[in-house]
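J.: Take a look at input19.tsv, TSV, C-alpha atoms:
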chain	number	residue	atom	x	y	z
A	1	MET	CA	93.31	137.64	68.15
A	2	ALA	CA	95.07	140.00	70.57
A	3	ASP	CA	92.43	142.70	70.05
A	4	ARG	CA	89.43	140.60	71.07
A	5	THR	CA	88.30	138.47	73.98
A	6	ILE	CA	88.89	134.72	73.71
A	7	SER	CA	85.93	132.66	74.88
A	8	VAL	CA	86.63	129.47	76.83
A	9	LEU	CA	84.65	126.39	77.82
A	10	ILE	CA	86.03	124.31	80.73
A	11	VAL	CA	85.46	120.54	80.70
A	12	ASP	CA	86.66	118.70	83.83
A	13	ASP	CA	84.98	116.32	86.25
A	14	HIS	CA	86.49	117.97	89.35
A	15	PRO	CA	84.52	121.03	90.59
A	16	VAL	CA	87.58	122.42	92.39
A	17	VAL	CA	89.58	122.33	89.16
A	18	ARG	CA	86.77	124.02	87.22
A	19	ASP	CA	86.43	126.71	89.88
A	20	GLY	CA	90.18	127.32	89.87
A	21	LEU	CA	90.38	127.60	86.10
A	22	ARG	CA	87.33	129.85	85.94
A	23	GLY	CA	88.80	132.17	88.56
A	24	MET	CA	92.15	132.21	86.79
A	25	PHE	CA	90.73	133.14	83.38
A	26	GLU	CA	88.14	135.59	84.68
A	27	SER	CA	90.88	137.48	86.53
A	28	ALA	CA	92.98	137.81	83.37
A	29	PRO	CA	92.24	140.37	80.63
A	30	GLY	CA	91.27	139.04	77.23
A	31	PHE	CA	89.40	135.92	78.32
A	32	ALA	CA	85.75	135.05	78.98
A	33	VAL	CA	84.57	131.74	80.44
A	34	LEU	CA	81.30	130.81	78.74
A	35	GLY	CA	80.54	127.71	80.78
A	36	GLU	CA	81.64	124.50	82.45
A	37	ALA	CA	80.99	120.80	81.83
A	38	ALA	CA	81.63	117.82	84.08
A	39	ASP	CA	82.15	115.23	81.34
A	40	GLY	CA	82.77	114.83	77.64
A	41	VAL	CA	79.15	114.35	76.62
A	42	GLN	CA	78.11	117.59	78.31
A	43	GLY	CA	81.20	119.23	76.88
A	44	VAL	CA	80.16	118.42	73.31
A	45	ALA	CA	76.63	119.70	73.95
A	46	LEU	CA	77.89	122.98	75.41
A	47	THR	CA	80.40	123.40	72.60
A	48	GLU	CA	77.50	123.30	70.17
A	49	ARG	CA	75.35	125.66	72.23
A	50	LEU	CA	77.95	128.18	73.40
A	51	ASP	CA	80.35	128.13	70.41
A	52	PRO	CA	83.56	128.90	72.37
A	53	ASP	CA	86.88	129.74	70.77
A	54	VAL	CA	88.70	127.17	72.91
A	55	VAL	CA	87.60	124.11	74.87
A	56	LEU	CA	89.86	123.20	77.80
A	57	MET	CA	89.38	119.43	77.92
A	58	ASP	CA	90.35	116.94	80.62
A	59	LEU	CA	90.77	113.34	79.41
A	60	ARG	CA	89.64	110.81	82.00
A	61	MET	CA	86.13	111.66	83.18
A	62	PRO	CA	83.28	109.42	84.36
A	63	GLY	CA	80.27	109.66	82.09
A	64	GLY	CA	82.19	110.58	78.95
A	65	GLY	CA	85.93	110.77	78.31
A	66	GLY	CA	87.86	113.55	76.66
A	67	VAL	CA	89.14	111.61	73.65
A	68	GLU	CA	85.64	110.66	72.59
A	69	ALA	CA	84.49	114.26	73.06
A	70	ILE	CA	87.40	115.60	71.00
A	71	ALA	CA	86.61	113.14	68.22
A	72	GLU	CA	82.95	114.18	68.24
A	73	ILE	CA	83.78	117.91	68.19
A	74	THR	CA	86.12	117.25	65.28
A	75	ARG	CA	83.55	115.11	63.46
A	76	ARG	CA	80.88	117.80	63.79
A	77	ARG	CA	83.36	120.43	62.56
A	78	TYR	CA	82.66	122.91	65.30
A	79	ARG	CA	84.68	126.11	65.21
A	80	ALA	CA	86.15	125.54	68.68
A	81	LYS	CA	89.74	124.43	69.12
A	82	VAL	CA	90.35	121.81	71.81
A	83	LEU	CA	93.26	122.21	74.21
A	84	VAL	CA	93.78	119.16	76.41
A	85	LEU	CA	94.59	120.01	80.03
A	86	THR	CA	95.27	116.88	82.04
A	87	THR	CA	97.62	115.17	84.48
A	88	TYR	CA	98.33	112.26	82.11
A	89	ASP	CA	101.15	112.21	79.56
A	90	THR	CA	101.47	108.53	78.56
A	91	ASP	CA	101.29	107.35	74.95
A	92	ALA	CA	97.91	105.82	75.72
A	93	ASP	CA	96.61	109.31	76.54
A	94	THR	CA	98.51	111.74	74.30
A	95	LEU	CA	98.39	109.93	70.97
A	96	PRO	CA	94.63	109.17	70.89
A	97	ALA	CA	93.82	112.75	71.96
A	98	ILE	CA	95.96	114.29	69.24
A	99	GLU	CA	94.74	111.80	66.64
A	100	ALA	CA	91.17	112.66	67.63
A	101	GLY	CA	91.80	116.29	66.73
A	102	ALA	CA	93.15	118.13	69.78
A	103	THR	CA	94.95	121.35	68.84
A	104	GLY	CA	97.19	121.24	71.90
A	105	TYR	CA	98.11	119.22	74.96
A	106	LEU	CA	99.20	120.67	78.29
A	107	LEU	CA	99.69	119.18	81.74
A	108	LYS	CA	97.92	120.64	84.75
A	109	ASP	CA	101.20	121.63	86.38
A	110	ALA	CA	101.79	124.19	83.62
A	111	PRO	CA	102.44	127.73	84.92
A	112	ARG	CA	99.57	130.22	84.69
A	113	GLU	CA	101.17	132.33	81.95
A	114	GLU	CA	102.02	129.22	79.92
A	115	LEU	CA	98.35	128.20	80.03
A	116	PHE	CA	97.22	131.67	78.92
A	117	THR	CA	99.71	131.62	76.05
A	118	ALA	CA	98.57	128.13	75.04
A	119	VAL	CA	94.92	129.15	74.96
A	120	ARG	CA	95.72	132.19	72.80
A	121	ALA	CA	97.75	130.00	70.45
A	122	ALA	CA	94.99	127.37	70.28
A	123	ALA	CA	92.43	130.06	69.46
A	124	GLU	CA	94.62	130.98	66.49
A	125	GLY	CA	94.81	127.33	65.42
A	126	ARG	CA	98.44	126.87	66.42
A	127	THR	CA	99.58	123.61	68.00
A	128	VAL	CA	100.83	123.81	71.58
A	129	LEU	CA	102.40	120.86	73.37
A	130	SER	CA	103.92	120.57	76.83
A	131	PRO	CA	107.65	119.75	76.68
A	132	ALA	CA	107.09	116.20	77.97
A	133	VAL	CA	104.42	115.49	75.36
A	134	ALA	CA	106.43	117.08	72.55
A	135	SER	CA	109.45	114.94	73.45
A	136	ARG	CA	107.30	111.81	73.48
A	137	LEU	CA	105.83	112.57	70.04
A	138	VAL	CA	109.21	113.37	68.53
A	139	SER	CA	110.48	110.04	69.84
A	140	ARG	CA	107.50	108.26	68.30
A	141	VAL	CA	108.14	109.92	64.92
A	142	ARG	CA	111.85	109.05	65.04
A	143	HIS	CA	111.16	105.49	66.16
A	144	PRO	CA	107.84	104.51	64.61
A	145	VAL	CA	106.28	101.11	65.11
A	146	PRO	CA	107.91	98.99	62.38
A	147	ARG	CA	105.69	97.24	59.87
A	148	ASP	CA	105.60	93.43	59.89
A	149	GLU	CA	106.55	93.41	63.57
A	150	PRO	CA	104.62	90.62	65.31
A	151	LEU	CA	101.54	91.68	67.23
A	152	SER	CA	101.82	91.51	71.00
A	153	ALA	CA	99.57	89.17	72.96
A	154	ARG	CA	97.32	92.09	73.92
A	155	GLU	CA	97.15	93.35	70.34
A	156	ARG	CA	96.10	89.87	69.22
A	157	GLU	CA	93.35	89.92	71.84
A	158	VAL	CA	92.13	93.31	70.60
A	159	LEU	CA	92.23	92.22	66.96
A	160	ALA	CA	90.31	89.01	67.75
A	161	LEU	CA	87.59	91.05	69.47
A	162	VAL	CA	87.47	93.50	66.55
A	163	ALA	CA	86.99	90.52	64.22
A	164	ARG	CA	83.89	89.57	66.25
A	165	GLY	CA	82.43	93.02	65.70
A	166	THR	CA	83.12	94.21	69.24
A	167	SER	CA	83.11	97.99	69.74
A	168	ASN	CA	85.97	99.90	71.38
A	169	ARG	CA	83.84	100.46	74.48
A	170	GLU	CA	83.02	96.76	74.74
A	171	ILE	CA	86.66	95.80	74.22
A	172	ALA	CA	87.69	98.19	76.99
A	173	ALA	CA	85.16	96.62	79.37
A	174	LEU	CA	86.15	93.06	78.47
A	175	LEU	CA	89.90	93.67	78.86
A	176	PHE	CA	89.59	96.08	81.81
A	177	ILE	CA	91.39	98.90	80.01
A	178	SER	CA	90.33	102.38	78.89
A	179	GLU	CA	88.89	103.15	75.46
A	180	ALA	CA	91.92	105.39	74.86
A	181	THR	CA	94.17	102.38	75.42
A	182	VAL	CA	92.09	100.33	73.00
A	183	LYS	CA	92.56	103.04	70.38
A	184	THR	CA	96.31	103.06	70.98
A	185	HIS	CA	96.43	99.28	70.50
A	186	LEU	CA	94.47	99.68	67.27
A	187	THR	CA	96.90	102.35	66.06
A	188	HIS	CA	99.79	99.95	66.65
A	189	ILE	CA	97.92	97.09	64.96
A	190	TYR	CA	97.21	99.23	61.88
A	191	ALA	CA	100.89	100.25	61.68
A	192	LYS	CA	102.17	96.70	62.05
A	193	LEU	CA	99.72	95.29	59.51
A	194	ALA	CA	100.11	98.28	57.13
A	195	VAL	CA	96.35	98.94	57.05
A	196	LYS	CA	94.16	101.96	57.70
A	197	ASP	CA	90.95	100.67	59.27
A	198	ARG	CA	89.30	97.89	61.27
A	199	ALA	CA	88.02	95.92	58.29
A	200	ALA	CA	91.42	95.88	56.61
A	201	ALA	CA	93.06	94.86	59.89
A	202	VAL	CA	90.72	91.89	60.26
A	203	ALA	CA	91.30	90.86	56.64
A	204	ALA	CA	95.07	91.10	57.13
A	205	GLY	CA	94.77	89.16	60.37
A	206	TYR	CA	93.10	86.24	58.60
A	207	ASP	CA	95.44	86.50	55.62
A	208	ARG	CA	98.52	86.25	57.88
A	209	GLY	CA	97.09	83.50	60.04
A	210	ILE	CA	96.89	85.71	63.13
A	211	LEU	CA	93.16	85.07	63.48
A	212	GLY	CA	93.30	81.42	62.45
Starting from the file, lay out its structure as structure tokens.
T.:
Amino acid sequence: MADRTISVLIVDDHPVVRDGLRGMFESAPGFAVLGEAADGVQGVALTERLDPDVVLMDLRMPGGGGVEAIAEITRRRYRAKVLVLTTYDTDADTLPAIEAGATGYLLKDAPREELFTAVRAAAEGRTVLSPAVASRLVSRVRHPVPRDEPLSAREREVLALVARGTSNREIAALLFISEATVKTHLTHIYAKLAVKDRAAAVAAGYDRGILG
């Protein structure tokens, strides 16, 4: 990887951020910026068309979020590796992004050289996590959500909406939360009910009297 140029696609809804990242990578040897996208939908389309080595992906963007874009890139099995570059490091952001298939997760306050190193590592398929995110994930592994723990009031709301056939996007709109947060609630519901998908969660919900 060191002997060839790494191609990069930048996906961020802020033009100033895109310009800054483009300037940073174009001034460094060994990188080539193939293009820019302002949202996740455009990011997926350009990933298909430009075939970059690494996609630098923001998470919260109007018109198409990063988690959904990561999941779509993973589903389509594109060659590109996705490195999240965002200002958010909460469980509701980090876990869905990594579960969706992100190779790495960095915060935007990362030093320039750390970002370059992370992009090189991502291009090689190696996982790169900011210290804050790594610490959060280690904590989650050491203290997983216990099975048979009662669902929270919000988790019950989400499960009830899932039972009605409501999509994640619709649930997010109804509860005034992000789709990433909905996915995090679902992850916790699956863990607590010891199931792997929506249908099994609904069945378990009825079986345990959670859904009536």
J.: Sorted by chain and rising residue number, which residues of segment 29-122 of chain A lie within 6 Å of segment 3-18 of chain A, and what are their closest atom pairs and distances in Å to one decimal, counting only C-alpha atoms, as JSON lines?
T.:
{"residue": "A:Gly30", "atom": "CA", "partner": "A:Thr5", "partner_atom": "CA", "distance": 4.4}
{"residue": "A:Phe31", "atom": "CA", "partner": "A:Ile6", "partner_atom": "CA", "distance": 4.8}
{"residue": "A:Ala32", "atom": "CA", "partner": "A:Ser7", "partner_atom": "CA", "distance": 4.7}
{"residue": "A:Val33", "atom": "CA", "partner": "A:Val8", "partner_atom": "CA", "distance": 4.7}
{"residue": "A:Leu34", "atom": "CA", "partner": "A:Leu9", "partner_atom": "CA", "distance": 5.6}
{"residue": "A:Gly35", "atom": "CA", "partner": "A:Leu9", "partner_atom": "CA", "distance": 5.2}
{"residue": "A:Glu36", "atom": "CA", "partner": "A:Ile10", "partner_atom": "CA", "distance": 4.7}
{"residue": "A:Ala37", "atom": "CA", "partner": "A:Val11", "partner_atom": "CA", "distance": 4.6}
{"residue": "A:Ala38", "atom": "CA", "partner": "A:Asp13", "partner_atom": "CA", "distance": 4.3}
{"residue": "A:Asp39", "atom": "CA", "partner": "A:Asp13", "partner_atom": "CA", "distance": 5.8}
{"residue": "A:Gly43", "atom": "CA", "partner": "A:Val11", "partner_atom": "CA", "distance": 5.9}
{"residue": "A:Pro52", "atom": "CA", "partner": "A:Ser7", "partner_atom": "CA", "distance": 5.1}
{"residue": "A:Asp53", "atom": "CA", "partner": "A:Ser7", "partner_atom": "CA", "distance": 5.1}
{"residue": "A:Val54", "atom": "CA", "partner": "A:Val8", "partner_atom": "CA", "distance": 5.0}
{"residue": "A:Val55", "atom": "CA", "partner": "A:Leu9", "partner_atom": "CA", "distance": 4.8}
{"residue": "A:Leu56", "atom": "CA", "partner": "A:Ile10", "partner_atom": "CA", "distance": 4.9}
{"residue": "A:Met57", "atom": "CA", "partner": "A:Val11", "partner_atom": "CA", "distance": 4.9}
{"residue": "A:Asp58", "atom": "CA", "partner": "A:Asp12", "partner_atom": "CA", "distance": 5.2}
{"residue": "A:Met61", "atom": "CA", "partner": "A:Asp13", "partner_atom": "CA", "distance": 5.7}
J.: Near segment 205-210 of chain A, counting only C-alpha atoms, which residues have an atom at most 10 Å away, once you skip same-chain residues fewer than 6 positions from it, shown as a list of chain:residue names?
T.: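 Within the cut-off, the hits are A:Pro150, A:Leu151, A:Arg156, A:Leu159, A:Ala160, A:Ala163, A:Ile189, A:Leu193, A:Ala199.
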J.: Once you have the residues from the selection above, write them out as a CSV table (one decimal), in the frame of the given file, restricted to C-alpha atoms.
T.:
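File produced: out_18.csv:
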chain,number,residue,atom,x,y,z
A,150,PRO,CA,104.6,90.6,65.3
A,151,LEU,CA,101.5,91.7,67.2
A,156,ARG,CA,96.1,89.9,69.2
A,159,LEU,CA,92.2,92.2,67.0
A,160,ALA,CA,90.3,89.0,67.8
A,163,ALA,CA,87.0,90.5,64.2
A,189,ILE,CA,97.9,97.1,65.0
A,193,LEU,CA,99.7,95.3,59.5
A,199,ALA,CA,88.0,95.9,58.3
J.: Within 10 Å of Ala110 of chain A, counting all atoms listed in the file, which residues qualify if same-chain residues fewer than 6 places away don't, as a VMD selection string?
T.: chain A and resid 85 to 87 116 118 130
J.: Can you work out the spacing between atom CA of Gly64 of chain A and atom CA of Arg120 of chain A in Å, to one decimal?
T.: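 If I compute the distance from atom CA of Gly64 of chain A to atom CA of Arg120 of chain A, I get 26.2 Å.
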J.: If I take atom CA of Ala121 of chain A and atom CA of Gly104 of chain A, how far is one from the other in Å, to one decimal?
T.: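 Atom CA of Gly104 of chain A lies 8.9 Å from atom CA of Ala121 of chain A.
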J.: Report as a ChimeraX atom specification all protein, DNA and RNA residues lying within 12 Å of Ile73 of chain A, evaluated on only C-alpha atoms, omitting residues in the same chain fewer than 2 positions from it.
T.: /A:40-48,51-52,54-55,57,66-71,75-82,97,100-103
J.: What separation in Å, quoted to one decimal, exists between atom CA of Ile171 of chain A and atom CA of Ile98 of chain A?
T.: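 Distance between the two atoms: 21.3 Å.
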J.: For Ser167 of chain A, which residue out of A:Glu179, A:Glu99, A:Asp197, A:Glu26 is the nearest one, using only C-alpha atoms?
T.: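 For Ser167 of chain A, the nearest of the given residues is A:Glu179.
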J.: Return the single residue from A:Leu107, A:Asp93, A:Tyr88, A:Leu83 that is closest to Thr127 of chain A, with distances computed using only C-alpha atoms.
T.: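 Using only C-alpha atoms, Thr127 of chain A sits closest to A:Leu83.
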J.: Which of these residues is nearest to Arg60 of chain A, using all atoms listed in the file: A:Asp89, A:Glu170, A:Glu113, A:Glu155?
T.: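 Of the candidates, the smallest distance to Arg60 of chain A is held by A:Asp89.
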J.: Smallest atom-to-atom distance to Ala132 of chain A: which of A:Pro111, A:Arg154, A:Gly23, A:Thr94, using all atoms listed in the file?
T.: A:Thr94
J.: Looking at A:Leu137, A:Gly212, A:Ser178, A:Tyr190, which one is nearest to Pro62 of chain A, with distances taken over only C-alpha atoms?
T.: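 Closest to Pro62 of chain A of all the choices is A:Ser178.
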J.: A:Ala122, A:Val158, A:Ala204, A:Val84: which is nearest Phe176 of chain A, counting only C-alpha atoms?
T.: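 Of the candidates, the smallest distance to Phe176 of chain A is held by A:Val158.
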